[in-house]
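Here is the structure we will look at, set down as C-alpha cells.
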Amino acid sequence: MGASLVTIDNVDMRYGGADGTLAVSGLNMVVERGEFAAVVGPSGCGKSTLMKLVTGLHIPQQGLVTVAGIHVTKPVSIVGMAFQNPTMLPWRTTLDNVLLPLEIVERHRRRLRKHKKEYVEKAEHLLETVGLKGFGSKYPWQLSGGMQQRANLCRALIHEPELLMLDEPFGALDAFTREELWQVIRDLHASQDVTIVLVTHDLREAVFLADNVHVMSARPGKILKVHKIGFARPRDLSVMYEAEFNDVVQGLRGEIADARAVA
Amino acid sequence: MGASLVTIDNVDMRYGGADGTLAVSGLNMVVERGEFAAVVGPSGCGKSTLMKLVTGLHIPQQGLVTVAGIHVTKPVSIVGMAFQNPTMLPWRTTLDNVLLPLEIVERHRRRLRKHKKEYVEKAEHLLETVGLKGFGSKYPWQLSGGMQQRANLCRALIHEPELLMLDEPFGALDAFTREELWQVIRDLHASQDVTIVLVTHDLREAVFLADNVHVMSARPGKILKVHKIGFARPRDLSVMYEAEFNDVVQGLRGEIADARAVA
Amino acid sequence: LGQNTPVRFTLDWRIEGPAAGFMLAQANGHFADEGLDVTFDVGAGSVEVIPRVATGTYDMGFGDINSLIKFLDEDPDQPIKAIMMIYETPTFAVVGRRSLGVTEDPASLEGKTLGAPPPDGAFAQWPAFVEASGIDTSDITIESIGFPVREPMLAQGDVDAVFGFAFSVILNLKAQGIEDEDIVPILMADHGLDLYGNAIMVNTDFAEANPEVVKGMLRALAKGFADAVADPRQGAEAVVAANEILDVNIELERLQMANEMNINTAYVQENGMGGVDMDRLNSAIEQLKLSIGIQSDISAADVFDASYLPPMEERMLP
Amino acid sequence: MSASNTTPAPTALPVTPAKKFDWLPLMPWIYTIGLFLIWELGVRLSGVSHTIMPAPSRIFEAIIQYWGAIQRHSIQTLYTTSVGFLMAVVGGLALGLLIGWSRMIYAGLYPLMVGFNAIPKVAVVPILVIWFGIGTVPAILTAFLIAFFPIVVNVATGLATIEPETEDVLRALGAKKMDIMLKVGIPRSMPYFFGSLKIAITLAFVGSVISETVAANSGLGYMMSAAQSQFNVPLVWAGLIMLAVEGIAMYALMAWIEKRTTGWAHRSQTMAG
Amino acid sequence: MSASNTTPAPTALPVTPAKKFDWLPLMPWIYTIGLFLIWELGVRLSGVSHTIMPAPSRIFEAIIQYWGAIQRHSIQTLYTTSVGFLMAVVGGLALGLLIGWSRMIYAGLYPLMVGFNAIPKVAVVPILVIWFGIGTVPAILTAFLIAFFPIVVNVATGLATIEPETEDVLRALGAKKMDIMLKVGIPRSMPYFFGSLKIAITLAFVGSVISETVAANSGLGYMMSAAQSQFNVPLVWAGLIMLAVEGIAMYALMAWIEKRTTGWAHRSQTMAG
Ligand SMILES: Nc1ncnc2c1ncn2[C@@H]1O[C@H](COP(=O)(O)OP(=O)(O)OP(=O)(O)O)[C@@H](O)[C@H]1O
Ligand SMILES: Nc1ncnc2c1ncn2[C@@H]1O[C@H](COP(=O)(O)OP(=O)(O)OP(=O)(O)O)[C@@H](O)[C@H]1O
Ligand SMILES: [Mg+2]
Ligand SMILES: [Mg+2]
C-alpha cells in the first residue's frame with residue numbers, strides 16, 4: 001500500500017434499504033498521498049456518493065474504504081469537504097460559516113479562543129482570495145449562488161486538511177472566476193502537502209488541475225479508466241492552449257460518451 | 001413597443017433597506033416576443049436578481065419593469081422559472097414537484113382533476129426527455145445534484161409558459177447531458193411560441209442557443225453590451241466547431257474580462 | 001311514565017352519605033309518585049350551586065343559605081330563593097388535634113396556626129365566631145390551604161387546627177390515621193354562632209311557572225329524608241349504588257353524623273324539617289353582616305319562601 | 001493505467017455487523033418498570049403513608065378492586081378528550097393558518113390568545129356549566145379550549161419560518177396566497193403541527209379531567225375527586241395512572257401518524273440516533 | 001446593438017407608493033378594545049348579573065378599588081411564574097436535547113413524560129404542599145412542572161427534523177455528536193424553541209395560579225379563590241385580567257427575544273404578511 005492515502009476496494013453502495021437505488025457497484029479507486037485526483041462521469045453516476053464514502057458519511061454495504069490506512073467506519077477527521085450544494089448554516093454569517101471547521105477540528109479548536117483574531121484574519125484573507133472581500137458579515141442567504149459556492153470552498157480550506165474533497169466546487173462560477181480559483185487550488189496543492197480529490201464536469205478543469213483523471217461509468221458507478229495527466233507542474237493557464245491538452249480533453253470526452261452509451 | 005415582451009427600464013434594485021447591497025443599477029434590457037436571450041456576466045453581478053425582477057419576485061426601488069406591456073408590481077403568471085438552486089419541495093415526489101405548476105396556473109388547474117392521467121403522462125415524458133425516467137416516484141432528496149437540476153427544468157417547462165426564465169439550468173451537468181438538453185431547449189424554442197431568457201456561465205451555451213447575448217457588468221450589474229448572434233436556425237451542434245462560432249465566443253470572453261476589470 | 005315532568009337538580013357536592021335523602025326519594029319512587037322525572041347532577045361545592053340555579057341552568061339545587069344571602073345582597077334581582085331548609089344547624093367547626101394543644105375551648109386556638117380553605121363555608125364565619133366567642137386573634141396565624149391538603153396537613157402537624165364541616169373533617173382525619181381521641185371539633189354553633197346551613201333552592205321563574213312541580217318536589221324530598229333517617233343503611237346503600245367507589249360503612253357513618261348533627265336536630269324533631277324560624281334567620285343575617293360583609297338591608301323574606309312547603313305533619317322525621 | 005491497477009487493499013471484509021439485539025421497542029417498558037420499581041422502593045423505604053403517596057403495588061390493587069368503575073370512567077374521559085382534541089386540531093390548525101395568513105390578524109389576535117391562555121381553564125368551567133349544564137359538553141369544550149393554543153402557536157411558527165426560496169417557487173407561478181398556504185405553508189409546517197399535537201393531547205386530557213372534577217357525573221376527573229374526598233388515595237392514583245396510560249396510547253397514535261406523514265422531515269441520522 | 005438601444009418604455013414612474021399609515025402596532029389595541037366593547041355590550045344587552053359574568057367596566061372598577069391588593073398579589077404571581085418558567089426553560093431545553101440525543105432515551109422517556117403530562121397538575125400540588133409547605137415553593141414547582149413539557153417536545157422535534165445535509169457539514173469534519181448538537185442542533189431548533197416558549201409561559205401562569213389556589217397566602221390564585229367565596233365576582237375577573245396582562249407582557253418579551261435571535265428563520269415575506 002505504501003503511500004496511498006485513499007483506497008476504495010470493490011465497494012457497493014445502495015441507498016435506502018434492499019430495494020433502494022444502487023449508486024455505485026464494484027467501485028475501485030486508489031489515491032496516493034499528495035496526489036491530485038479528478039473524477040468525471042455522467043450526471044447521477046455516483047460521484048457525490050464516492051466522495052461521501054471516502055469521508056465516511058456513508059458506509060458501504062459491501063467492500064472496503066480506507067483513508068490513511070484506516071478502515072473507514074465513521075466520518076474521518078482529516079478531510080475538508082466542499083459539498084456540491086453549498087450547505088451554509090443560515091444562522092451564521094459567512095465569516096462564521098467559514099470559521100466553523102476551526103471550532104470542530106481538534107487541532108484548531110484548542111487554539112481558537114486565544115488566537116481568534118489570527119484565525120479571523122486568515123478567514124478574511126481566504127474570502128478575499130475568492131473575491132468575497134467585505135461579504136464576511138453577510139448571511140449566506142444574502143449571497144448569490146456563485147458567491148455561496150465560493151464561501152463553501154473557503155470553508156473546506158480553512159483548517160488546512162490533509163485530504164481535500166471538492167464536489168463540483170466551481171459549477172456556478174463564470175469562466176474567469178473559475179480560472180482564478182483553479183490557480184488558487186493549483187498553488188495550494190503545490191505549496192502544501194495536501195491530497196485533493198475533485199469532482200467536476202469540466203474536462204478542461206480536470207485535465208488542467210489533476211495528476212489522474214478517473215472516468216466513471218453511468219449508474220451504478222464504477223471507475224472505467226484512470227488517465228494519467230503528464231503535463232509538467234507548475235502548470236500555467238496557457239497550457240490549455242497547447243494542442244496536446246486539447247487532445248487529452250477530447251480523448252476524455254470520447255470516453256465519457258462511451259461510458260454513457262454503455263450504461 | 002410593438003412586440004417586446006420584456007422591458008427593463010433604468011432599474012435599480014437594492015437588497016435589505018437603504019444601506020443594503022445594491023445588486024443592479026441603471027439596468028436596461030428589452031426582450032422581444034419569441035426571442036431567445038442569454039445573459040452572461042461575472043458571479044454575483046445581479047443575473048439572478050434580473051431574473052427575479054422580470055418575474056416580479058422582487059420589485060425594484062427605482063425604474064420600471066414591464067412584461068407583456070404590463071407594469072410588473074407583483075409576480076406575473078405567464079412565466080416558467082427554473083431557479084438557480086433547484087428548490088424542490090421535499091415533501092413531494094419528483095413527479096409531484098414537476099406537476100406543481102399545473103396545480104397553480106389557472107389555465108391548467110381547472111383541467112387537472114379530469115385530465116390527470118394525461119398530465120402525468122406528459123410529466124413522465126418530460127422526465128424521460130431529461131434522462132430521469134423512473135425517478136418520478138423518488139423524493140428530490142434522493143436525487144443527485146444534477147438530477148435535481150434536471151427535474152427543476154422539467155418543472156419550469158411543464159405548463160408551457162409564454163416566457164421561460166432559466167437561471168443556470170445546466171450548471172451541474174456533464175457535457176453530454178448538457179448538450180442533449182441544449183437541443184431539447186432549442187427544439188422547444190423552435191416549435192413553440194415561447195420567449196426564453198437564459199442565464200449561463202457557459203459562453204458556448206449562450207452563443208449556441210441565443211439570438212442575443214446580454215453581457216452584464218460586475219455588481220452593481222447593468223447590461224454592458226448586447227451581442228446579436230447571427231447563426232441561422234435551426235442550429236446543429238456542429239455549428240460549435242465552426243471557426244466563426246469560436247470567434248464570437250472569444251469575443252464575448254474578452255468582453256467579460258473587461259466587464260470584470262471595470263468593476 | 002313518559003309523561004313525568006323533568007326537573008334538573010344540582011346537588012351541592014358529590015353523592016355521599018348525607019345525600020341519602022335525595023337518593024332515597026328517587027329510589028323509593030317518591031318523585032315518580034309526584035309525576036316528576038328528576039335528574040341529579042353533582043356539584044362543585046355548596047356555593048357553586050347558586051349561580052347554576054340563578055341562571056336557570058338548573059331548576060333547583062341544594063346549596064348554602066349563607067352564601068345565598070351574600071349572593072342576593074350583591075344582586076337582589078336574581079331569580080333564586082331558598083324554599084326548604086335541610087341542614088337546620090350547619091356544622092361549621094374548627095377541628096383541632098388534642099396532641100397539638102387544641103381543646104374544646106375556643107381560647108385554646110390562641111397562638112395556634114389554623115388552616116383555612118378560602119372557599120370554605122366555616123372559614124367564612126370566622127369573624128362572627130371570633131366576635132361571638134371573644135377570643136383574641138392577635139397571634140393566630142391563618143394559612144390558606146386548599147381542600148385536598150387540609151386534613152393531610154393537619155395530620156402532619158403543619159397546622160394545629162382547620163376549618164370545615166365537622167363530620168367531613170372528622171371522618172377524613174380518621175382516614176389519615178388520626179385517633180378518635182386526638183380529634184377535637186369546636187362547633188361554632190356551640191359558641192354563639194346561630195346560623196342555618198344548606199337548603200333547597202329554586203329558580204323563582206321556574207317556581208312561578210310550575211308551582212305544583214315545586215311543591216311535589218318538596219313533598220317527595222321530605223319523604224326521602226324521612227326514609228334516610230328511618231333506615232340509614234338503606235340510605236347508604238342507595239348512595240353507594242349511585243357512586244360505586246364508596247364504602248357502605250363509611251357512608252353510613254357519614255350519614256348518621258349528618259342526620260344527628262344537621263338534619264334531625266331537636267328543633268326539627270319538634271317542628272318538622274324544612275321550615276325556618278324567620279326571626280332566627282334575620283338574626284343570622286345580622287351575624288353575617290359581620291362575617292361576610294352583608295351591606296344591604298336584606299331580610300329573611302327576601303331569602304326564604306316557605307310557601308311551597310308541604311304541611312308540617314308531612315315533614316316530621318321519625 | 002486502468003482502474004483495476006490498484007494495489008491490493010486489506011482484505012475486503014464485507015461490513016455486516018453481527019446483528020445486534022434491538023432494544024429500542026423495549027425501552028418504554030424498561031423505563032416504565034424502572035420508574036415503578038424506584039417508586040415502590042422509595043415509598044417502602046421512606047414509609048410515606050399511602051394516603052399521601054401510595055406505592056404502585058397498592059395502586060394496582062385499587063385498579064383491580066375498582067376495575068368496573070375505572071373502566072367506565074376511563075372510557076368517558078377518553079371520549080370527551082378525543083372529541084375535544086379533534087375540535088382543537090381543526091380549530092387550532094384553522095386559527096394557526098389565519099394568524100399565519102395576515103400580519104394584522106397576527107398582531108391583533110396573538111396577544112389576546114396568549115392572555116386567554118394564561119388564565120387557568122378551571123376558572124372558565126363554571127361559566128361553561130352555566131351555559132351547557134354539567135357533563136359531556138363542558139368537558140369537551142374545556143379540552144378544546146386548553147388544547148387548541150399549542151397547535152395555533154406551532155402552526156403559526158411553522159408558517160412564519162418558511163424559507164422564502166421555497167415560497168418563491170410558487171410565487172413565480174403567480175400563485176395566490178391561498179395556494180402558497182395550501183401547497184407550501186401547510187406541508188412545511190406539518191412537523192411543527194405534529195410536535196404540537198403531542199402537547200395538545202396531554203393538555204386535552206388535563207382539560208376534560210378538570211372539567212369533570214368540577215362538573216360531571218362520570219369520567220376520571222369525577223372519579224378521582226370523588227375518591228379524593230373519601231381520601232381513597234390509591235384510587236385517585238389509579239385514576240392518574242389510567243390517565244397516563246390513555247395519554248400514552250393517544251401519543252402513540254399521533255407518533256404513528258406523524259411518522260407516516262412527515263417522513264420527509266425526519267431524515268436526520270445523528271439526532272435521536 | 002447596444003443595451004441603450006431600447007424602445008422607450010412607458011414613462012419610468014419611480015415606484016414609491018404613497019407612504020401608508022402603519023396600522024400594525026395598533027392592532028393589539030384595536031382587537032383588545034374591540035373585545036372589551038363586545039363583551040360590555042353583550043353583558044348589558046343580555047342582562048347577565050355581574051355576579052355571574054361582570055362587564056369590563058365593572059371589572060375595571062374592581063381593579064381600581066382593590067388596586068393595592070391586586071398589585072401585591074400580581075407581583076407575587078409574576079415572581080413565582082417567572083422563576084418556574086426560567087427553570088422550565090433550562091430544564092426543558094436540557095431534557096429536549098437529551099431526548100434528541102439518543103433514540104434509546106427518546107423511546108423510553110418520551111412516553112413517560114407524555115403520561116405525566118396527561119395528569120392534571122392540580123393532582124400533584126397536594127404532594128408538593130406536603131413536601132414543601134405552602135406558599136412560594138410549590139407555586140414555582142407547579143409552574144415548572146406544567147411548563148417544561150412543551151419546551152421538551154418542541155426542542156426534540158426541532159432536533160429530529162434537522163436536514164441531514166446540514167448535519168453532514170459537521171459530520172464530515174469528524175465532529176462529535178455533542179458538537180453537532182451545539183453547532184447545528186441547538187441553533188436549528190431555536191425557532192421551535194421560541195414557539196414553545198409562548199406556550200410554556202401561559203402554562204407557567206396557569207401552574208402557579210393553580211398552586212396558589214390550593215395552598216398560598218398570596219398571589220392571584222389565592223386572591224381569586226378568596227374573592228370567589230365572597231361572591232366578589234368582579235374581583236375574580238380582575239384577577240383573571242391581571243393574569244392575562246402579565247401573560248401578554250411576558251409574551252411580548254419572548255417575541256422580542258425571538259425576533260433578535262432567530263431573524264434568520266423569519267425571512268418569509270408572504271406568510272404573516
Ligand atoms: N436575498 C438577498 N439579500 C441580500 N443581498 C442579496 C440577496 N440576494 C442577492 N444579494 C446580493 O445581490 C448581488 C447580486 O446577486 P445575484 O444573485 O443576482 O447574482 P448572480 O449574478 O446571480 O450571481 P451568480 O452568478 O453567483 O449566481 C450579490 O452581491 C448578492 O450578495
Ligand atoms: N440520499 C439518497 N437517497 C437515495 N438515493 C440517493 C441519495 N443520494 C443519491 N442517490 C442516488 O444515487 C445515485 C448517485 O447519486 P450521486 O449524488 O452520487 O450522483 P453524482 O454522480 O454526484 O451526480 P451529479 O453529477 O448529478 O451530482 C443517483 O441515482 C441518486 O438518485
Ligand atoms: Mg453529485
Ligand atoms: Mg445567480
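Following the order of the C-alpha cells, chains are lettered A, B, ..., residues in each are numbered from 1, and ligands are numbered from 1.
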For chain A, work out the contacting residues on chain B at 7 Å, counting only C-alpha atoms, and write them as a list of chain:residue names. B:Pro42, B:Ser43, B:Gly44, B:Ser144, B:Gly146, B:Met147, B:Gly171, B:Ala172, B:Leu173, B:Asp174, B:Ala175, B:His201
Which of region 14-221 of chain B counts as strand (DSSP E or B) under DSSP, as an MDAnalysis selection string please? chainID B and resid 14 22:32 36:40 62:67 70:71 79:82 163:167 195:199 212:216 221
Select from region 15-144 of chain A everything DSSP, run on the backbone, classes as helix (DSSP H, G or I), then give the selection as a VMD selection string. chain A and resid 47 to 55 94 to 104 106 to 112 116 to 129 140 to 142
So that I can check the surroundings of Arg14 (chain A), please list as a list in words every protein, DNA and RNA residue that reaches within 10 Å of it, counting only C-alpha atoms and ignoring chain neighbours fewer than 5 positions away.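 Close residues of Arg14 (chain A): Asp19, Gly20, Thr21, Leu22, Ala23, Val24, Ser25, Thr49, His58, Ile59, Pro60, Gln61, Gln62 and Pro220 of chain A.
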Could you write out as a ChimeraX atom specification the residues of chain D within 8 Å of chain B, counting only C-alpha atoms? /D:165-166,168-175,179,184,187-188,262,264-265
Let me see the file: selected residues, N, CA and C atoms, as a PDB file, in the first residue's frame.
ATOM      1  N   GLU D 165     -37.089  30.956  -0.259  1.00  0.00           N
ATOM      2  CA  GLU D 165     -36.749  30.284  -1.518  1.00  0.00           C
ATOM      3  C   GLU D 165     -37.856  29.322  -1.937  1.00  0.00           C
ATOM      4  N   THR D 166     -38.406  28.613  -0.954  1.00  0.00           N
ATOM      5  CA  THR D 166     -39.463  27.656  -1.266  1.00  0.00           C
ATOM      6  C   THR D 166     -40.728  28.385  -1.708  1.00  0.00           C
ATOM      7  N   ASP D 168     -40.863  31.231  -3.126  1.00  0.00           N
ATOM      8  CA  ASP D 168     -40.676  31.853  -4.426  1.00  0.00           C
ATOM      9  C   ASP D 168     -41.058  30.926  -5.561  1.00  0.00           C
ATOM     10  N   VAL D 169     -40.859  29.617  -5.340  1.00  0.00           N
ATOM     11  CA  VAL D 169     -41.223  28.667  -6.384  1.00  0.00           C
ATOM     12  C   VAL D 169     -42.689  28.861  -6.749  1.00  0.00           C
ATOM     13  N   LEU D 170     -43.514  29.045  -5.746  1.00  0.00           N
ATOM     14  CA  LEU D 170     -44.930  29.228  -6.035  1.00  0.00           C
ATOM     15  C   LEU D 170     -45.259  30.646  -6.454  1.00  0.00           C
ATOM     16  N   ARG D 171     -44.602  31.587  -5.808  1.00  0.00           N
ATOM     17  CA  ARG D 171     -44.896  32.980  -6.171  1.00  0.00           C
ATOM     18  C   ARG D 171     -44.602  33.227  -7.641  1.00  0.00           C
ATOM     19  N   ALA D 172     -43.517  32.611  -8.122  1.00  0.00           N
ATOM     20  CA  ALA D 172     -43.134  32.831  -9.509  1.00  0.00           C
ATOM     21  C   ALA D 172     -44.183  32.295 -10.475  1.00  0.00           C
ATOM     22  N   LEU D 173     -45.020  31.416  -9.995  1.00  0.00           N
ATOM     23  CA  LEU D 173     -46.082  30.898 -10.862  1.00  0.00           C
ATOM     24  C   LEU D 173     -47.332  31.757 -10.762  1.00  0.00           C
ATOM     25  N   GLY D 174     -47.229  32.882 -10.069  1.00  0.00           N
ATOM     26  CA  GLY D 174     -48.390  33.736  -9.896  1.00  0.00           C
ATOM     27  C   GLY D 174     -49.391  33.148  -8.924  1.00  0.00           C
ATOM     28  N   ALA D 175     -48.904  32.312  -8.007  1.00  0.00           N
ATOM     29  CA  ALA D 175     -49.827  31.651  -7.075  1.00  0.00           C
ATOM     30  C   ALA D 175     -50.448  32.660  -6.134  1.00  0.00           C
ATOM     31  N   ASP D 179     -52.979  29.574  -2.371  1.00  0.00           N
ATOM     32  CA  ASP D 179     -52.236  28.451  -2.954  1.00  0.00           C
ATOM     33  C   ASP D 179     -50.945  28.214  -2.189  1.00  0.00           C
ATOM     34  N   VAL D 184     -47.447  25.047   0.167  1.00  0.00           N
ATOM     35  CA  VAL D 184     -46.177  25.146   0.885  1.00  0.00           C
ATOM     36  C   VAL D 184     -46.396  25.302   2.384  1.00  0.00           C
ATOM     37  N   PRO D 187     -47.912  21.929   4.255  1.00  0.00           N
ATOM     38  CA  PRO D 187     -46.958  20.808   4.342  1.00  0.00           C
ATOM     39  C   PRO D 187     -45.692  21.175   5.109  1.00  0.00           C
ATOM     40  N   ARG D 188     -45.195  22.389   4.894  1.00  0.00           N
ATOM     41  CA  ARG D 188     -43.950  22.782   5.547  1.00  0.00           C
ATOM     42  C   ARG D 188     -44.133  22.855   7.064  1.00  0.00           C
ATOM     43  N   THR D 262     -44.859  12.810   7.886  1.00  0.00           N
ATOM     44  CA  THR D 262     -43.753  13.754   7.739  1.00  0.00           C
ATOM     45  C   THR D 262     -42.415  13.044   7.722  1.00  0.00           C
ATOM     46  N   TRP D 264     -40.506  12.814   5.353  1.00  0.00           N
ATOM     47  CA  TRP D 264     -39.545  13.628   4.609  1.00  0.00           C
ATOM     48  C   TRP D 264     -38.755  14.554   5.515  1.00  0.00           C
ATOM     49  N   ALA D 265     -39.372  14.933   6.645  1.00  0.00           N
ATOM     50  CA  ALA D 265     -38.679  15.874   7.524  1.00  0.00           C
ATOM     51  C   ALA D 265     -37.800  15.158   8.543  1.00  0.00           C
TER      52      ALA D 265
END
Do you know which residues are at most 12 Å from Phe231 (chain A) counting only C-alpha atoms, after dropping those on the same chain fewer than 2 positions away, and could you put them as a list in words?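 Skipping anything fewer than 2 positions along the chain leaves Val207, Phe208, Leu209, Ala210, Asp211, Asn212, Lys228, Ile229, Arg233, Pro234, Arg235, Asp236, Leu237, Ser238, Val239, Met240, Glu242, Glu244, Phe245 and Val248 of chain A.
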Using only C-alpha atoms and a distance of at most 7 Å, pull out the residues of chain D that contact chain E, as an MDAnalysis selection string. chainID D and resid 24 27:28 31:32 52 99:104 106:109 111:112 114:120 150 153:154 157 159:164 195 199 202:203 205:206 240 243:245 247:248 265:269 271:273
Choose the residue, out of C:Ser296, C:Thr57, C:Gln234, C:Asn264, that has the smallest atom-to-atom separation from chain D; count only C-alpha atoms.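 Ranked by minimum distance to chain D, first place goes to C:Thr57.
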Counting only C-alpha atoms and all ligand atoms, the option among B:Gln149, B:Val120, B:Ile8, B:Gly254 closest to ligand 3: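 That would be B:Gln149, the residue with the smallest distance to ligand 3.
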Could you list, as a PyMOL selection string, the residues of chain C having an atom within 10 Å of chain E when counting only C-alpha atoms? chain C and resi 47-48+50-52+54-55+67-68+70-75+77-78+115-121+123-124+142-150+152-153+156+158+292-293
Keeping only N, CA and C atoms, take the residues you just selected and write them out as a CSV table (one decimal), in the first residue's frame.
chain,number,residue,atom,x,y,z
C,47,VAL,N,-71.5,26.5,47.2
C,47,VAL,CA,-71.6,27.9,46.7
C,47,VAL,C,-71.9,27.9,45.2
C,48,GLU,N,-71.2,27.1,44.5
C,48,GLU,CA,-71.3,27.0,43.0
C,48,GLU,C,-72.8,26.7,42.6
C,50,ILE,N,-75.4,28.1,43.5
C,50,ILE,CA,-76.3,29.3,43.5
C,50,ILE,C,-76.3,29.9,42.1
C,51,PRO,N,-75.2,30.2,41.4
C,51,PRO,CA,-75.3,30.7,40.1
C,51,PRO,C,-75.9,29.7,39.1
C,52,ARG,N,-75.7,28.4,39.4
C,52,ARG,CA,-76.3,27.4,38.5
C,52,ARG,C,-77.8,27.5,38.5
C,54,ALA,N,-79.5,30.2,39.7
C,54,ALA,CA,-80.0,31.6,39.4
C,54,ALA,C,-80.0,31.8,37.9
C,55,THR,N,-79.1,31.2,37.1
C,55,THR,CA,-79.1,31.4,35.7
C,55,THR,C,-80.2,30.5,35.0
C,67,SER,N,-74.4,31.7,51.8
C,67,SER,CA,-73.9,32.2,50.6
C,67,SER,C,-75.0,32.8,49.7
C,68,LEU,N,-76.2,32.2,49.8
C,68,LEU,CA,-77.3,32.8,49.1
C,68,LEU,C,-77.6,34.2,49.6
C,70,LYS,N,-75.5,36.3,50.8
C,70,LYS,CA,-74.5,37.1,50.3
C,70,LYS,C,-74.7,37.4,48.8
C,71,PHE,N,-75.1,36.3,48.1
C,71,PHE,CA,-75.4,36.5,46.7
C,71,PHE,C,-76.5,37.5,46.4
C,72,LEU,N,-77.6,37.4,47.1
C,72,LEU,CA,-78.7,38.3,46.9
C,72,LEU,C,-78.4,39.7,47.4
C,73,ASP,N,-77.5,39.7,48.4
C,73,ASP,CA,-77.1,41.0,48.9
C,73,ASP,C,-76.3,41.8,47.8
C,74,GLU,N,-75.5,41.0,47.0
C,74,GLU,CA,-74.8,41.6,45.9
C,74,GLU,C,-75.7,42.0,44.8
C,75,ASP,N,-76.7,41.2,44.5
C,75,ASP,CA,-77.6,41.5,43.4
C,75,ASP,C,-79.0,40.9,43.7
C,77,ASP,N,-81.8,41.2,42.5
C,77,ASP,CA,-82.8,40.9,41.4
C,77,ASP,C,-82.6,39.5,40.9
C,78,GLN,N,-81.7,38.7,41.5
C,78,GLN,CA,-81.5,37.4,40.9
C,78,GLN,C,-82.7,36.5,41.3
C,115,GLY,N,-55.5,26.2,59.5
C,115,GLY,CA,-55.5,26.0,58.1
C,115,GLY,C,-56.9,26.3,57.5
C,116,ALA,N,-57.0,27.2,56.5
C,116,ALA,CA,-58.3,27.6,56.0
C,116,ALA,C,-58.4,27.5,54.5
C,117,PRO,N,-59.3,26.7,53.9
C,117,PRO,CA,-59.5,26.8,52.5
C,117,PRO,C,-60.3,28.1,52.2
C,118,PRO,N,-59.9,29.0,51.4
C,118,PRO,CA,-60.6,30.3,51.2
C,118,PRO,C,-62.1,30.1,50.9
C,119,PRO,N,-62.5,29.1,50.1
C,119,PRO,CA,-63.9,29.0,49.7
C,119,PRO,C,-64.7,28.3,50.8
C,120,ASP,N,-64.1,27.9,51.9
C,120,ASP,CA,-64.8,27.1,52.9
C,120,ASP,C,-65.8,27.9,53.6
C,121,GLY,N,-67.0,27.3,53.8
C,121,GLY,CA,-68.1,28.0,54.5
C,121,GLY,C,-67.8,28.3,55.9
C,123,PHE,N,-64.9,28.8,57.3
C,123,PHE,CA,-63.9,29.8,57.4
C,123,PHE,C,-64.6,31.2,57.2
C,124,ALA,N,-65.6,31.2,56.4
C,124,ALA,CA,-66.2,32.5,56.1
C,124,ALA,C,-66.9,33.0,57.4
C,142,ILE,N,-53.3,32.4,60.2
C,142,ILE,CA,-54.2,31.7,59.3
C,142,ILE,C,-53.5,31.4,58.0
C,143,GLU,N,-53.4,30.1,57.7
C,143,GLU,CA,-52.7,29.7,56.4
C,143,GLU,C,-53.8,29.3,55.5
C,144,SER,N,-53.7,29.8,54.2
C,144,SER,CA,-54.7,29.4,53.2
C,144,SER,C,-54.3,28.1,52.6
C,145,ILE,N,-55.1,27.1,52.8
C,145,ILE,CA,-54.8,25.8,52.2
C,145,ILE,C,-56.0,25.2,51.6
C,146,GLY,N,-55.8,24.5,50.5
C,146,GLY,CA,-57.0,24.0,49.7
C,146,GLY,C,-57.5,22.7,50.4
C,147,PHE,N,-58.7,22.4,49.9
C,147,PHE,CA,-59.4,21.2,50.4
C,147,PHE,C,-58.5,19.9,50.3
C,148,PRO,N,-57.8,19.7,49.2
C,148,PRO,CA,-57.1,18.4,49.1
C,148,PRO,C,-56.0,18.2,50.2
C,149,VAL,N,-55.5,19.4,50.7
C,149,VAL,CA,-54.4,19.2,51.6
C,149,VAL,C,-54.8,19.6,53.0
C,150,ARG,N,-56.1,19.9,53.3
C,150,ARG,CA,-56.5,20.3,54.6
C,150,ARG,C,-56.2,19.3,55.6
C,152,PRO,N,-54.6,16.3,55.4
C,152,PRO,CA,-53.2,15.8,55.4
C,152,PRO,C,-52.3,16.8,56.2
C,153,MET,N,-52.5,18.1,56.0
C,153,MET,CA,-51.6,19.0,56.7
C,153,MET,C,-51.8,19.0,58.2
C,156,GLN,N,-50.3,15.9,59.5
C,156,GLN,CA,-48.8,16.0,59.6
C,156,GLN,C,-48.4,17.0,60.7
C,158,ASP,N,-48.6,20.3,60.3
C,158,ASP,CA,-48.2,21.6,59.7
C,158,ASP,C,-49.1,22.7,60.2
C,292,ILE,N,-69.4,38.0,56.7
C,292,ILE,CA,-69.1,38.1,55.2
C,292,ILE,C,-69.5,39.4,54.6
C,293,GLY,N,-69.8,40.4,55.5
C,293,GLY,CA,-69.9,41.7,55.0
C,293,GLY,C,-71.2,42.0,54.2
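Coordinates place CA of Thr7 (chain A) at a distance of 8.6 Å from CA of Glu32 (chain A).
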